[in-house]
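A.B. asks: My structure is in model23.cif, and what it holds is mmCIF, C-alpha atoms:
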data_protein
loop_
_atom_site.group_PDB
_atom_site.id
_atom_site.type_symbol
_atom_site.label_atom_id
_atom_site.label_comp_id
_atom_site.auth_asym_id
_atom_site.auth_seq_id
_atom_site.Cartn_x
_atom_site.Cartn_y
_atom_site.Cartn_z
ATOM 1 C CA MET A 1 36.515 -6.567 -81.888
ATOM 2 C CA GLU A 2 39.018 -7.344 -79.192
ATOM 3 C CA GLN A 3 36.890 -8.804 -76.421
ATOM 4 C CA PHE A 4 35.125 -12.144 -76.960
ATOM 5 C CA GLU A 5 34.611 -13.621 -73.505
ATOM 6 C CA ASP A 6 30.856 -13.814 -72.751
ATOM 7 C CA ARG A 7 29.994 -12.026 -75.993
ATOM 8 C CA VAL A 8 27.304 -13.529 -78.261
ATOM 9 C CA ALA A 9 27.759 -15.005 -81.722
ATOM 10 C CA VAL A 10 24.975 -15.982 -84.114
ATOM 11 C CA VAL A 11 25.869 -18.551 -86.772
ATOM 12 C CA THR A 12 23.434 -19.648 -89.479
ATOM 13 C CA GLY A 13 23.987 -22.969 -91.178
ATOM 14 C CA GLY A 14 25.710 -23.840 -87.924
ATOM 15 C CA ALA A 15 24.893 -27.536 -87.651
ATOM 16 C CA SER A 16 27.656 -28.696 -89.990
ATOM 17 C CA GLY A 17 30.619 -27.670 -92.122
ATOM 18 C CA ILE A 18 31.983 -24.152 -91.857
ATOM 19 C CA GLY A 19 29.138 -23.061 -89.599
ATOM 20 C CA ARG A 20 29.816 -25.804 -87.073
ATOM 21 C CA ALA A 21 33.532 -24.965 -87.119
ATOM 22 C CA LEU A 22 32.754 -21.274 -86.565
ATOM 23 C CA ALA A 23 30.592 -22.115 -83.568
ATOM 24 C CA GLU A 24 33.379 -24.261 -82.116
ATOM 25 C CA ARG A 25 35.978 -21.524 -82.681
ATOM 26 C CA PHE A 26 33.824 -18.870 -81.045
ATOM 27 C CA ALA A 27 33.124 -21.219 -78.140
ATOM 28 C CA ALA A 28 36.869 -21.694 -77.668
ATOM 29 C CA ALA A 29 37.129 -17.910 -77.292
ATOM 30 C CA GLY A 30 34.503 -17.941 -74.541
ATOM 31 C CA MET A 31 31.578 -16.678 -76.603
ATOM 32 C CA ARG A 32 27.971 -17.696 -76.069
ATOM 33 C CA LEU A 33 26.351 -19.166 -79.152
ATOM 34 C CA VAL A 34 23.116 -18.988 -81.079
ATOM 35 C CA VAL A 35 23.235 -21.693 -83.731
ATOM 36 C CA ALA A 36 20.605 -21.721 -86.485
ATOM 37 C CA ASP A 37 20.016 -24.393 -89.106
ATOM 38 C CA VAL A 38 17.229 -25.794 -91.255
ATOM 39 C CA GLU A 39 18.091 -29.397 -90.276
ATOM 40 C CA GLU A 40 16.638 -29.784 -86.812
ATOM 41 C CA ARG A 41 18.149 -33.170 -85.952
ATOM 42 C CA ALA A 42 21.659 -32.086 -86.967
ATOM 43 C CA LEU A 43 21.139 -28.803 -85.124
ATOM 44 C CA ALA A 44 20.217 -30.570 -81.893
ATOM 45 C CA ALA A 45 23.278 -32.809 -82.194
ATOM 46 C CA ALA A 46 25.578 -29.845 -82.827
ATOM 47 C CA VAL A 47 24.256 -27.890 -79.839
ATOM 48 C CA ALA A 48 24.544 -30.959 -77.606
ATOM 49 C CA ALA A 49 28.179 -31.443 -78.666
ATOM 50 C CA LEU A 50 28.964 -27.774 -78.036
ATOM 51 C CA GLU A 51 27.404 -27.927 -74.579
ATOM 52 C CA GLU A 52 29.225 -31.158 -73.767
ATOM 53 C CA ALA A 53 32.473 -29.367 -74.625
ATOM 54 C CA GLY A 54 31.596 -26.649 -72.129
ATOM 55 C CA ALA A 55 30.005 -24.005 -74.360
ATOM 56 C CA THR A 56 26.850 -22.053 -73.632
ATOM 57 C CA ALA A 57 24.688 -22.511 -76.723
ATOM 58 C CA ILE A 58 21.119 -22.549 -77.955
ATOM 59 C CA GLY A 59 19.794 -23.890 -81.239
ATOM 60 C CA VAL A 60 17.098 -22.222 -83.308
ATOM 61 C CA PRO A 61 15.569 -24.073 -86.278
ATOM 62 C CA ALA A 62 15.425 -21.613 -89.168
ATOM 63 C CA ASP A 63 15.202 -21.376 -92.930
ATOM 64 C CA VAL A 64 17.185 -18.231 -93.659
ATOM 65 C CA ALA A 65 15.275 -17.730 -96.911
ATOM 66 C CA VAL A 66 12.287 -16.822 -94.716
ATOM 67 C CA ALA A 67 12.610 -13.397 -93.088
ATOM 68 C CA ALA A 68 10.355 -14.324 -90.173
ATOM 69 C CA ASP A 69 12.631 -17.260 -89.324
ATOM 70 C CA VAL A 70 15.657 -14.975 -89.104
ATOM 71 C CA ASP A 71 13.669 -12.555 -86.959
ATOM 72 C CA ARG A 72 12.957 -15.484 -84.654
ATOM 73 C CA VAL A 73 16.686 -16.230 -84.396
ATOM 74 C CA ARG A 74 17.256 -12.622 -83.296
ATOM 75 C CA ASP A 75 14.422 -12.767 -80.788
ATOM 76 C CA ARG A 76 15.695 -16.001 -79.259
ATOM 77 C CA ALA A 77 19.212 -14.562 -79.039
ATOM 78 C CA LEU A 78 18.006 -11.485 -77.198
ATOM 79 C CA GLU A 79 15.734 -13.539 -74.963
ATOM 80 C CA ALA A 80 18.568 -15.892 -74.004
ATOM 81 C CA PHE A 81 21.550 -13.533 -73.867
ATOM 82 C CA GLY A 82 20.323 -9.932 -74.170
ATOM 83 C CA ALA A 83 22.669 -8.920 -76.994
ATOM 84 C CA VAL A 84 24.387 -9.999 -80.203
ATOM 85 C CA HIS A 85 27.970 -9.127 -81.135
ATOM 86 C CA VAL A 86 29.007 -11.336 -84.070
ATOM 87 C CA VAL A 87 26.672 -12.405 -86.872
ATOM 88 C CA CYS A 88 27.812 -15.028 -89.373
ATOM 89 C CA ASN A 89 25.423 -15.199 -92.311
ATOM 90 C CA ASN A 90 26.809 -18.547 -93.348
ATOM 91 C CA ALA A 91 23.964 -20.846 -94.444
ATOM 92 C CA GLY A 92 24.338 -21.904 -98.068
ATOM 93 C CA VAL A 93 23.429 -24.441 -100.721
ATOM 94 C CA GLY A 94 24.927 -25.494 -104.031
ATOM 95 C CA GLY A 95 23.487 -24.758 -107.442
ATOM 96 C CA GLY A 96 23.842 -25.740 -111.029
ATOM 97 C CA SER A 97 24.211 -24.596 -114.597
ATOM 98 C CA ILE A 98 22.216 -21.660 -115.933
ATOM 99 C CA VAL A 99 21.380 -23.506 -119.147
ATOM 100 C CA GLY A 100 18.154 -25.422 -118.724
ATOM 101 C CA ALA A 101 17.782 -24.620 -115.039
ATOM 102 C CA PRO A 102 14.227 -24.547 -113.687
ATOM 103 C CA LEU A 103 13.108 -21.269 -112.172
ATOM 104 C CA GLU A 104 12.547 -23.057 -108.868
ATOM 105 C CA LEU A 105 16.282 -23.745 -108.667
ATOM 106 C CA TRP A 106 17.065 -20.043 -108.978
ATOM 107 C CA GLU A 107 14.504 -19.272 -106.280
ATOM 108 C CA TRP A 108 15.914 -21.856 -103.874
ATOM 109 C CA VAL A 109 19.605 -20.997 -104.315
ATOM 110 C CA LEU A 110 19.112 -17.229 -104.258
ATOM 111 C CA GLY A 111 16.662 -17.575 -101.378
ATOM 112 C CA VAL A 112 19.247 -19.274 -99.151
ATOM 113 C CA ASN A 113 22.570 -17.914 -100.416
ATOM 114 C CA LEU A 114 21.583 -14.320 -101.106
ATOM 115 C CA TYR A 115 18.367 -13.567 -99.260
ATOM 116 C CA GLY A 116 19.695 -15.459 -96.257
ATOM 117 C CA VAL A 117 22.431 -12.821 -96.087
ATOM 118 C CA VAL A 118 19.990 -9.999 -96.835
ATOM 119 C CA HIS A 119 17.714 -11.148 -94.037
ATOM 120 C CA GLY A 120 20.618 -11.539 -91.623
ATOM 121 C CA VAL A 121 21.925 -8.046 -92.319
ATOM 122 C CA HIS A 122 18.448 -6.489 -92.248
ATOM 123 C CA THR A 123 17.564 -8.171 -88.969
ATOM 124 C CA PHE A 124 20.775 -7.895 -86.969
ATOM 125 C CA LEU A 125 22.514 -4.763 -88.242
ATOM 126 C CA PRO A 126 20.211 -2.359 -86.341
ATOM 127 C CA LEU A 127 21.229 -4.059 -83.079
ATOM 128 C CA LEU A 128 24.926 -3.741 -83.865
ATOM 129 C CA LEU A 129 24.576 -0.123 -84.966
ATOM 130 C CA GLU A 130 22.656 0.798 -81.821
ATOM 131 C CA GLN A 131 25.412 -0.562 -79.586
ATOM 132 C CA ASP A 132 28.080 0.689 -82.070
ATOM 133 C CA GLU A 133 29.948 -2.567 -81.705
ATOM 134 C CA GLY A 134 30.075 -5.919 -83.438
ATOM 135 C CA HIS A 135 30.989 -7.678 -86.629
ATOM 136 C CA VAL A 136 29.119 -9.200 -89.569
ATOM 137 C CA VAL A 137 30.635 -12.050 -91.578
ATOM 138 C CA ASN A 138 28.943 -12.949 -94.862
ATOM 139 C CA THR A 139 29.883 -16.253 -96.467
ATOM 140 C CA ALA A 140 30.480 -15.957 -100.205
ATOM 141 C CA SER A 141 32.972 -18.102 -102.143
ATOM 142 C CA LEU A 142 35.758 -18.022 -104.695
ATOM 143 C CA ALA A 143 32.770 -18.500 -106.991
ATOM 144 C CA GLY A 144 31.846 -14.939 -106.044
ATOM 145 C CA LEU A 145 35.084 -13.663 -107.569
ATOM 146 C CA GLY A 146 34.914 -15.412 -110.950
ATOM 147 C CA GLY A 147 32.239 -17.127 -113.000
ATOM 148 C CA VAL A 148 32.405 -20.917 -113.341
ATOM 149 C CA GLY A 149 30.736 -22.963 -116.050
ATOM 150 C CA GLY A 150 28.182 -25.405 -114.682
ATOM 151 C CA LEU A 151 27.785 -23.418 -111.452
ATOM 152 C CA GLY A 152 26.268 -20.221 -112.761
ATOM 153 C CA ILE A 153 23.374 -20.047 -110.324
ATOM 154 C CA TYR A 154 25.677 -20.565 -107.351
ATOM 155 C CA CYS A 155 28.115 -17.988 -108.745
ATOM 156 C CA THR A 156 25.305 -15.472 -109.202
ATOM 157 C CA SER A 157 24.356 -15.762 -105.549
ATOM 158 C CA LYS A 158 27.931 -15.478 -104.316
ATOM 159 C CA PHE A 159 28.834 -12.519 -106.572
ATOM 160 C CA ALA A 160 25.829 -10.742 -105.053
ATOM 161 C CA VAL A 161 27.028 -11.483 -101.514
ATOM 162 C CA VAL A 162 30.430 -9.982 -102.310
ATOM 163 C CA GLY A 163 28.795 -6.855 -103.762
ATOM 164 C CA LEU A 164 26.435 -6.529 -100.810
ATOM 165 C CA SER A 165 29.314 -6.880 -98.364
ATOM 166 C CA GLU A 166 31.547 -4.365 -100.135
ATOM 167 C CA SER A 167 28.721 -1.830 -100.223
ATOM 168 C CA LEU A 168 27.957 -2.418 -96.551
ATOM 169 C CA HIS A 169 31.636 -1.827 -95.738
ATOM 170 C CA HIS A 170 31.474 1.572 -97.441
ATOM 171 C CA ASP A 171 28.161 2.434 -95.766
ATOM 172 C CA LEU A 172 29.581 1.669 -92.330
ATOM 173 C CA ALA A 173 32.774 3.602 -93.049
ATOM 174 C CA ALA A 174 30.768 6.636 -94.158
ATOM 175 C CA ARG A 175 28.884 6.561 -90.854
ATOM 176 C CA GLY A 176 32.089 6.265 -88.835
ATOM 177 C CA SER A 177 30.648 3.118 -87.319
ATOM 178 C CA ASN A 178 32.622 0.739 -85.134
ATOM 179 C CA VAL A 179 30.682 -2.193 -86.603
ATOM 180 C CA GLY A 180 32.878 -4.277 -88.891
ATOM 181 C CA VAL A 181 32.042 -6.469 -91.871
ATOM 182 C CA SER A 182 33.962 -9.229 -93.624
ATOM 183 C CA VAL A 183 33.232 -11.404 -96.628
ATOM 184 C CA LEU A 184 34.426 -15.000 -96.609
ATOM 185 C CA CYS A 185 35.515 -16.337 -100.013
ATOM 186 C CA PRO A 186 36.883 -19.870 -99.587
ATOM 187 C CA GLY A 187 37.567 -22.475 -102.219
ATOM 188 C CA PHE A 188 36.732 -26.095 -101.513
ATOM 189 C CA VAL A 189 36.328 -26.970 -97.853
ATOM 190 C CA GLN A 190 35.588 -30.292 -96.195
ATOM 191 C CA THR A 191 31.825 -29.800 -95.909
ATOM 192 C CA GLU A 192 28.672 -31.433 -97.223
ATOM 193 C CA ILE A 193 27.996 -28.720 -99.826
ATOM 194 C CA GLY A 194 27.853 -31.475 -102.445
ATOM 195 C CA ARG A 195 24.829 -32.901 -100.629
ATOM 196 C CA SER A 196 23.004 -29.636 -100.061
ATOM 197 C CA ASP A 197 20.179 -30.668 -102.381
ATOM 198 C CA ARG A 198 19.061 -33.024 -99.597
ATOM 199 C CA ASN A 199 17.259 -29.915 -98.332
ATOM 200 C CA ALA A 200 15.883 -28.863 -101.722
ATOM 201 C CA PRO A 201 12.142 -28.213 -101.896
ATOM 202 C CA SER A 202 9.866 -30.891 -103.311
ATOM 203 C CA SER A 203 9.357 -28.772 -106.432
ATOM 204 C CA LEU A 204 12.963 -29.626 -107.376
ATOM 205 C CA ARG A 205 12.607 -33.385 -107.070
ATOM 206 C CA ASP A 206 12.966 -33.911 -110.819
ATOM 207 C CA TRP A 207 15.994 -31.616 -111.020
ATOM 208 C CA VAL A 208 17.731 -33.367 -108.106
ATOM 209 C CA GLY A 209 17.600 -36.643 -110.023
ATOM 210 C CA SER A 210 18.666 -35.200 -113.384
ATOM 211 C CA PRO A 211 22.012 -36.223 -114.949
ATOM 212 C CA ASP A 212 23.372 -32.660 -114.721
ATOM 213 C CA ALA A 213 22.499 -32.374 -111.031
ATOM 214 C CA VAL A 214 23.987 -35.777 -110.238
ATOM 215 C CA ALA A 215 27.223 -34.925 -112.066
ATOM 216 C CA THR A 216 27.524 -31.559 -110.321
ATOM 217 C CA ARG A 217 26.820 -33.158 -106.945
ATOM 218 C CA GLU A 218 29.459 -35.847 -107.433
ATOM 219 C CA MET A 219 32.067 -33.351 -108.614
ATOM 220 C CA ALA A 220 31.409 -30.984 -105.711
ATOM 221 C CA ALA A 221 31.508 -33.810 -103.176
ATOM 222 C CA ALA A 222 34.849 -35.090 -104.488
ATOM 223 C CA LEU A 223 36.467 -31.656 -104.504
ATOM 224 C CA ALA A 224 35.103 -30.813 -101.056
ATOM 225 C CA ALA A 225 36.484 -34.053 -99.655
ATOM 226 C CA ALA A 226 39.923 -33.023 -100.930
ATOM 227 C CA GLY A 227 39.577 -29.474 -99.597
ATOM 228 C CA ILE A 228 40.873 -27.813 -96.461
ATOM 229 C CA PRO A 229 39.425 -28.565 -93.011
ATOM 230 C CA SER A 230 36.582 -26.301 -91.956
ATOM 231 C CA SER A 231 38.533 -25.483 -88.789
ATOM 232 C CA VAL A 232 41.158 -23.713 -90.926
ATOM 233 C CA VAL A 233 38.440 -21.490 -92.348
ATOM 234 C CA ALA A 234 37.034 -20.798 -88.879
ATOM 235 C CA ASP A 235 40.464 -19.725 -87.634
ATOM 236 C CA ALA A 236 40.793 -17.354 -90.606
ATOM 237 C CA VAL A 237 37.386 -15.842 -89.854
ATOM 238 C CA PHE A 238 38.223 -15.322 -86.193
ATOM 239 C CA ASP A 239 41.518 -13.638 -87.068
ATOM 240 C CA ALA A 240 39.749 -11.361 -89.570
ATOM 241 C CA ILE A 241 37.271 -10.231 -86.929
ATOM 242 C CA VAL A 242 40.107 -9.423 -84.522
ATOM 243 C CA GLU A 243 42.019 -7.549 -87.242
ATOM 244 C CA ARG A 244 38.897 -5.937 -88.822
ATOM 245 C CA ARG A 245 39.920 -7.371 -92.196
ATOM 246 C CA PHE A 246 37.339 -7.288 -94.975
ATOM 247 C CA PHE A 247 38.364 -10.077 -97.373
ATOM 248 C CA ILE A 248 38.834 -13.549 -95.918
ATOM 249 C CA VAL A 249 40.442 -15.719 -98.602
ATOM 250 C CA PRO A 250 41.766 -19.025 -97.246
ATOM 251 C CA HIS A 251 42.774 -20.011 -100.813
ATOM 252 C CA GLU A 252 44.532 -16.702 -101.392
ATOM 253 C CA HIS A 253 46.609 -17.841 -104.382
ATOM 254 C CA VAL A 254 43.464 -18.783 -106.315
ATOM 255 C CA ALA A 255 41.605 -15.619 -105.301
ATOM 256 C CA LEU A 256 44.427 -13.420 -106.550
ATOM 257 C CA ALA A 257 44.947 -15.424 -109.749
ATOM 258 C CA THR A 258 41.216 -15.293 -110.487
ATOM 259 C CA THR A 259 41.125 -11.534 -109.998
ATOM 260 C CA ARG A 260 44.184 -10.981 -112.206
ATOM 261 C CA ALA A 261 42.702 -13.196 -114.925
ATOM 262 C CA ARG A 262 39.453 -11.209 -114.916
ATOM 263 C CA LEU A 263 41.411 -7.955 -115.175
ATOM 264 C CA GLU A 264 43.343 -9.290 -118.164
ATOM 265 C CA TRP A 265 40.069 -10.374 -119.789
ATOM 266 C CA MET A 266 38.611 -6.927 -119.142
ATOM 267 C CA GLN A 267 41.640 -5.373 -120.829
ATOM 268 C CA GLY A 268 41.111 -7.385 -123.999
ATOM 269 C CA GLY A 269 42.682 -10.742 -123.228
ATOM 270 C CA GLY A 270 41.015 -14.098 -123.518
ATOM 271 C CA PRO A 271 38.634 -15.571 -120.945
ATOM 272 C CA PRO A 272 40.289 -17.376 -118.025
ATOM 273 C CA GLU A 273 40.776 -21.113 -118.179
ATOM 274 C CA LEU A 274 39.540 -22.292 -114.815
ATOM 275 C CA ASP A 275 40.872 -25.377 -113.055
ATOM 276 C CA ALA A 276 38.666 -26.148 -110.058
ATOM 277 C CA THR A 277 41.269 -28.469 -108.528
ATOM 278 C CA ARG A 278 43.494 -25.436 -107.811
ATOM 279 C CA ALA A 279 40.889 -24.329 -105.261
ATOM 280 C CA VAL A 280 41.343 -27.422 -103.131
ATOM 281 C CA GLN A 281 44.467 -26.718 -101.094
ATOM 282 C CA PRO A 282 45.797 -23.279 -100.019
#
Translate this structure into C-alpha cells?

C.D. replies:
Amino acid sequence: MEQFEDRVAVVTGGASGIGRALAERFAAAGMRLVVADVEERALAAAVAALEEAGATAIGVPADVAVAADVDRVRDRALEAFGAVHVVCNNAGVGGGSIVGAPLELWEWVLGVNLYGVVHGVHTFLPLLLEQDEGHVVNTASLAGLGGVGGLGIYCTSKFAVVGLSESLHHDLAARGSNVGVSVLCPGFVQTEIGRSDRNAPSSLRDWVGSPDAVATREMAAALAAAGIPSSVVADAVFDAIVERRFFIVPHEHVALATTRARLEWMQGGGPPELDATRAVQP
C-alpha cells in the first residue's frame, strides 16, 4: 500500500500495548480506525484519546476467539466507513508450560492467539480480495520462531500464526493478488502481556493463582518492562506495509540467531540454549 489518507484500519487488541500503538501510528498517517478489544473500559478510553488527538475512530467490544464478534467488527467497520484496507489481527494473551496445564488453558490461549487470527483472516480477507487492495498483519512473536520452556502453549499458538501467515502469503502470490500479508514477530515489548490473565475465563481461576502461573506472570512482566517501546513496533509494522515486507522482526538479531540455532539442531547439533533477556532490546 502507498496511500493511507482516509483509508480504514482495523486493529484487534487495540486498547493497549502494540495494538494501541498501531492505532496511533495509523492515525498519524491519516487513516480512519476501527479499534476492537475485549476490555470495554480500556477500549472506550483508547478511542477517546485517539479522537482527542484528532483521529476518526470507533471502538467495537469483541472477543476475537468468538467468530460472531469478529463478524460484528467487520459489520461496524463497513457501516461506519464503507471499506477496510488494513487488518491487524493483534489481540493476544500469554500462556504457560505444557506440563500440567489444564485443557482450559489451551482452549483460552489458542482461542485468542490462533483462532483470533483465523477469524480475522476468514472475516476480512474476502473484502480485501474483492477490492484487490489491502494488507493483513498477523501478530506472532519470537516465540513463534523457536520453542521456549515454560511457555509451550504460547509458543504453540505463535508457531501456528507464523505458519498460517506464510501459507497465506503463498496463496495470495499464486492468485496474483495485490493484497499483502505480514507476520509480526517481536521479542519483549513494553505491554501488559504479563497481566493478560486478568481476562482469563473463570474456569482458569485456580490456574491463575498457581505458583507456576504467578512465576511466569512475574517473569513476563519484568522482561516486558525492560523491552522496547510499542511505538517502535508500530513504526516497523507501518514500514512493512509500505514496503510489502512479510517478516517484521524488531529484534532481528534474536530472530536470526534463533533460526540459525534451530537449523544447527536440525543438522545434528545440540538444542539451543535460550536466554530470554536477549529478546529485550534490539

A.B. asks: Residues of region 125-193 of chain A that approach region 106-116 of chain A to 7 Å or less, counting all atoms listed in the file: could you list each one with the shortest pair of atoms and its distance in Å to one decimal, rows by chain and increasing residue number, as a Markdown table?

C.D. replies:
| residue | atom | partner | partner_atom | distance |
| --- | --- | --- | --- | --- |
| A:Ile153 | CA | A:Trp106 | CA | 6.5 |
| A:Tyr154 | CA | A:Val109 | CA | 6.8 |
| A:Ser157 | CA | A:Leu114 | CA | 5.4 |
| A:Ala160 | CA | A:Leu114 | CA | 6.8 |
| A:Val161 | CA | A:Leu114 | CA | 6.2 |

A.B. asks: Which neighbours of Ala9 (chain A) fall inside 6 Å, counting all atoms listed in the file, when residues of the same chain fewer than 2 positions from it are skipped, and could you give them as a short mmCIF file (atom, residue, chain, number, x, y, z; two decimals) with C-alpha atoms, in the frame of the given file?

C.D. replies:
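Written file, out-v1.cif:
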data_model
loop_
_atom_site.label_atom_id
_atom_site.label_comp_id
_atom_site.auth_asym_id
_atom_site.auth_seq_id
_atom_site.Cartn_x
_atom_site.Cartn_y
_atom_site.Cartn_z
CA LEU A 33 26.35 -19.17 -79.15
CA HIS A 85 27.97 -9.13 -81.14
CA VAL A 86 29.01 -11.34 -84.07
CA VAL A 87 26.67 -12.40 -86.87
#

A.B. asks: Using all atoms listed in the file, give me every residue within 12 Å of (37.2, -30.4, -74.9) in file coordinates, as an MDAnalysis selection string.

C.D. replies: chainID A and resid 24:25 27:28 49:55

A.B. asks: Kindly export the residues of the current selection with C-alpha atoms, as an mmCIF file, in the frame of the given file.

C.D. replies:
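Full text of selection.cif as output:
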data_model
loop_
_atom_site.group_PDB
_atom_site.id
_atom_site.type_symbol
_atom_site.label_atom_id
_atom_site.label_comp_id
_atom_site.auth_asym_id
_atom_site.auth_seq_id
_atom_site.Cartn_x
_atom_site.Cartn_y
_atom_site.Cartn_z
ATOM 1 C CA GLU A 24 33.379 -24.261 -82.116
ATOM 2 C CA ARG A 25 35.978 -21.524 -82.681
ATOM 3 C CA ALA A 27 33.124 -21.219 -78.140
ATOM 4 C CA ALA A 28 36.869 -21.694 -77.668
ATOM 5 C CA ALA A 49 28.179 -31.443 -78.666
ATOM 6 C CA LEU A 50 28.964 -27.774 -78.036
ATOM 7 C CA GLU A 51 27.404 -27.927 -74.579
ATOM 8 C CA GLU A 52 29.225 -31.158 -73.767
ATOM 9 C CA ALA A 53 32.473 -29.367 -74.625
ATOM 10 C CA GLY A 54 31.596 -26.649 -72.129
ATOM 11 C CA ALA A 55 30.005 -24.005 -74.360
#

A.B. asks: Env of Gly82 (chain A): 12 Å cut, atoms = all atoms listed in the file, seq-sep filter 2 positions within chain, self excluded. Answer as an mmCIF file with C-alpha atoms, keeping the file's coordinate frame.

C.D. replies:
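The file below, around.cif, is the result:
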data_model
loop_
_atom_site.group_PDB
_atom_site.id
_atom_site.type_symbol
_atom_site.label_atom_id
_atom_site.label_comp_id
_atom_site.auth_asym_id
_atom_site.auth_seq_id
_atom_site.Cartn_x
_atom_site.Cartn_y
_atom_site.Cartn_z
ATOM 1 C CA ASP A 6 30.856 -13.814 -72.751
ATOM 2 C CA ARG A 7 29.994 -12.026 -75.993
ATOM 3 C CA VAL A 8 27.304 -13.529 -78.261
ATOM 4 C CA ALA A 9 27.759 -15.005 -81.722
ATOM 5 C CA ARG A 32 27.971 -17.696 -76.069
ATOM 6 C CA VAL A 34 23.116 -18.988 -81.079
ATOM 7 C CA ARG A 74 17.256 -12.622 -83.296
ATOM 8 C CA ASP A 75 14.422 -12.767 -80.788
ATOM 9 C CA ARG A 76 15.695 -16.001 -79.259
ATOM 10 C CA ALA A 77 19.212 -14.562 -79.039
ATOM 11 C CA LEU A 78 18.006 -11.485 -77.198
ATOM 12 C CA GLU A 79 15.734 -13.539 -74.963
ATOM 13 C CA ALA A 80 18.568 -15.892 -74.004
ATOM 14 C CA VAL A 84 24.387 -9.999 -80.203
ATOM 15 C CA HIS A 85 27.970 -9.127 -81.135
ATOM 16 C CA LEU A 127 21.229 -4.059 -83.079
ATOM 17 C CA GLN A 131 25.412 -0.562 -79.586
#

A.B. asks: Please list as a ChimeraX atom specification every residue within 12 Å of His169 (chain A), counting all atoms listed in the file and excluding residues in the same chain fewer than 6 positions away.

C.D. replies: /A:135-138,162-163,175-183,244-247

A.B. asks: So the first atom is CA of Val38 (chain A) and the second is CA of Val118 (chain A); what is the distance between them in Å, to one decimal place?

C.D. replies: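 Separation between CA of Val38 (chain A) and CA of Val118 (chain A): 17.0 Å.
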
A.B. asks: Please provide as a list of chain:residue names all residues within 8 Å of Arg262 (chain A), with the sequence filter that same-chain residues fewer than 5 positions apart are discarded (counting all atoms listed in the file).

C.D. replies: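 Non-adjacent residues within range: A:Gly146, A:Pro271, A:Pro272.
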
A.B. asks: Please list as a PDB file with C-alpha atoms, in the coordinates of the input every residue within 12 Å of Leu223 (chain A), counting all atoms listed in the file and excluding residues in the same chain fewer than 6 positions away.

C.D. replies:
ATOM      1  CA  GLY A 187      37.567 -22.475-102.219  1.00  0.00           C
ATOM      2  CA  PHE A 188      36.732 -26.095-101.513  1.00  0.00           C
ATOM      3  CA  VAL A 189      36.328 -26.970 -97.853  1.00  0.00           C
ATOM      4  CA  GLN A 190      35.588 -30.292 -96.195  1.00  0.00           C
ATOM      5  CA  THR A 191      31.825 -29.800 -95.909  1.00  0.00           C
ATOM      6  CA  GLU A 192      28.672 -31.433 -97.223  1.00  0.00           C
ATOM      7  CA  ILE A 193      27.996 -28.720 -99.826  1.00  0.00           C
ATOM      8  CA  GLY A 194      27.853 -31.475-102.445  1.00  0.00           C
ATOM      9  CA  THR A 216      27.524 -31.559-110.321  1.00  0.00           C
ATOM     10  CA  ARG A 217      26.820 -33.158-106.945  1.00  0.00           C
ATOM     11  CA  ASP A 275      40.872 -25.377-113.055  1.00  0.00           C
ATOM     12  CA  ALA A 276      38.666 -26.148-110.058  1.00  0.00           C
ATOM     13  CA  THR A 277      41.269 -28.469-108.528  1.00  0.00           C
ATOM     14  CA  ARG A 278      43.494 -25.436-107.811  1.00  0.00           C
ATOM     15  CA  ALA A 279      40.889 -24.329-105.261  1.00  0.00           C
ATOM     16  CA  VAL A 280      41.343 -27.422-103.131  1.00  0.00           C
ATOM     17  CA  GLN A 281      44.467 -26.718-101.094  1.00  0.00           C
TER      18      GLN A 281
END

A.B. asks: From the list A:Ala213, A:Ala65, A:Ser16, A:Ser196, which residue is nearest Pro102 (chain A) when using only C-alpha atoms?

C.D. replies: A:Ala213

A.B. asks: Of the candidates A:Ala23, A:Met31, A:Val242, A:Ile18, which one gets nearest to Pro186 (chain A) if we count all atoms listed in the file?

C.D. replies: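 The shortest atom-to-atom distance to Pro186 (chain A) comes from A:Ile18.
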
A.B. asks: To one decimal place in Å, what is the distance between CA of Leu22 (chain A) and CA of Ala226 (chain A)?

C.D. replies: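 If I compute the distance from CA of Leu22 (chain A) to CA of Ala226 (chain A), I get 19.9 Å.
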
A.B. asks: For CA of Gly100 (chain A) and CA of Val208 (chain A), quote the distance in Å rounded to one decimal.

C.D. replies: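 If I compute the distance from CA of Gly100 (chain A) to CA of Val208 (chain A), I get 13.3 Å.
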
A.B. asks: Could you tell me, as a ChimeraX atom specification, exactly which residues end up selected when the PyMOL selection byres ((chain A and resi 99) around 12) is applied to this structure?

C.D. replies: /A:95-98,100-103,105-106,149-153,212

A.B. asks: The selected residues should be written to file as a PDB file, keeping the file's coordinate frame (atoms: C-alpha atoms).

C.D. replies:
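File written: out34.pdb
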ATOM      1  CA  GLY A  95      23.487 -24.758-107.442  1.00  0.00           C
ATOM      2  CA  GLY A  96      23.842 -25.740-111.029  1.00  0.00           C
ATOM      3  CA  SER A  97      24.211 -24.596-114.597  1.00  0.00           C
ATOM      4  CA  ILE A  98      22.216 -21.660-115.933  1.00  0.00           C
ATOM      5  CA  GLY A 100      18.154 -25.422-118.724  1.00  0.00           C
ATOM      6  CA  ALA A 101      17.782 -24.620-115.039  1.00  0.00           C
ATOM      7  CA  PRO A 102      14.227 -24.547-113.687  1.00  0.00           C
ATOM      8  CA  LEU A 103      13.108 -21.269-112.172  1.00  0.00           C
ATOM      9  CA  LEU A 105      16.282 -23.745-108.667  1.00  0.00           C
ATOM     10  CA  TRP A 106      17.065 -20.043-108.978  1.00  0.00           C
ATOM     11  CA  GLY A 149      30.736 -22.963-116.050  1.00  0.00           C
ATOM     12  CA  GLY A 150      28.182 -25.405-114.682  1.00  0.00           C
ATOM     13  CA  LEU A 151      27.785 -23.418-111.452  1.00  0.00           C
ATOM     14  CA  GLY A 152      26.268 -20.221-112.761  1.00  0.00           C
ATOM     15  CA  ILE A 153      23.374 -20.047-110.324  1.00  0.00           C
ATOM     16  CA  ASP A 212      23.372 -32.660-114.721  1.00  0.00           C
TER      17      ASP A 212
END

A.B. asks: Given the file shown, determine the residues that the PyMOL selection byres ((chain A and resi 35) around 7) selects; report them as number ranges by chain.

C.D. replies: A: 10-12, 14, 33-34, 36-37, 58-60

A.B. asks: Around all the atoms of region 10-25 of chain A listed in the file, with 4 Å of room on each side, what axis-aligned box do you get, giving centre and edge lengths in Å to one decimal, as AutoDock Vina command-line options?

C.D. replies:
--center_x 29.7 --center_y -22.3 --center_z -87.1 --size_x 20.5 --size_y 20.7 --size_z 18.0
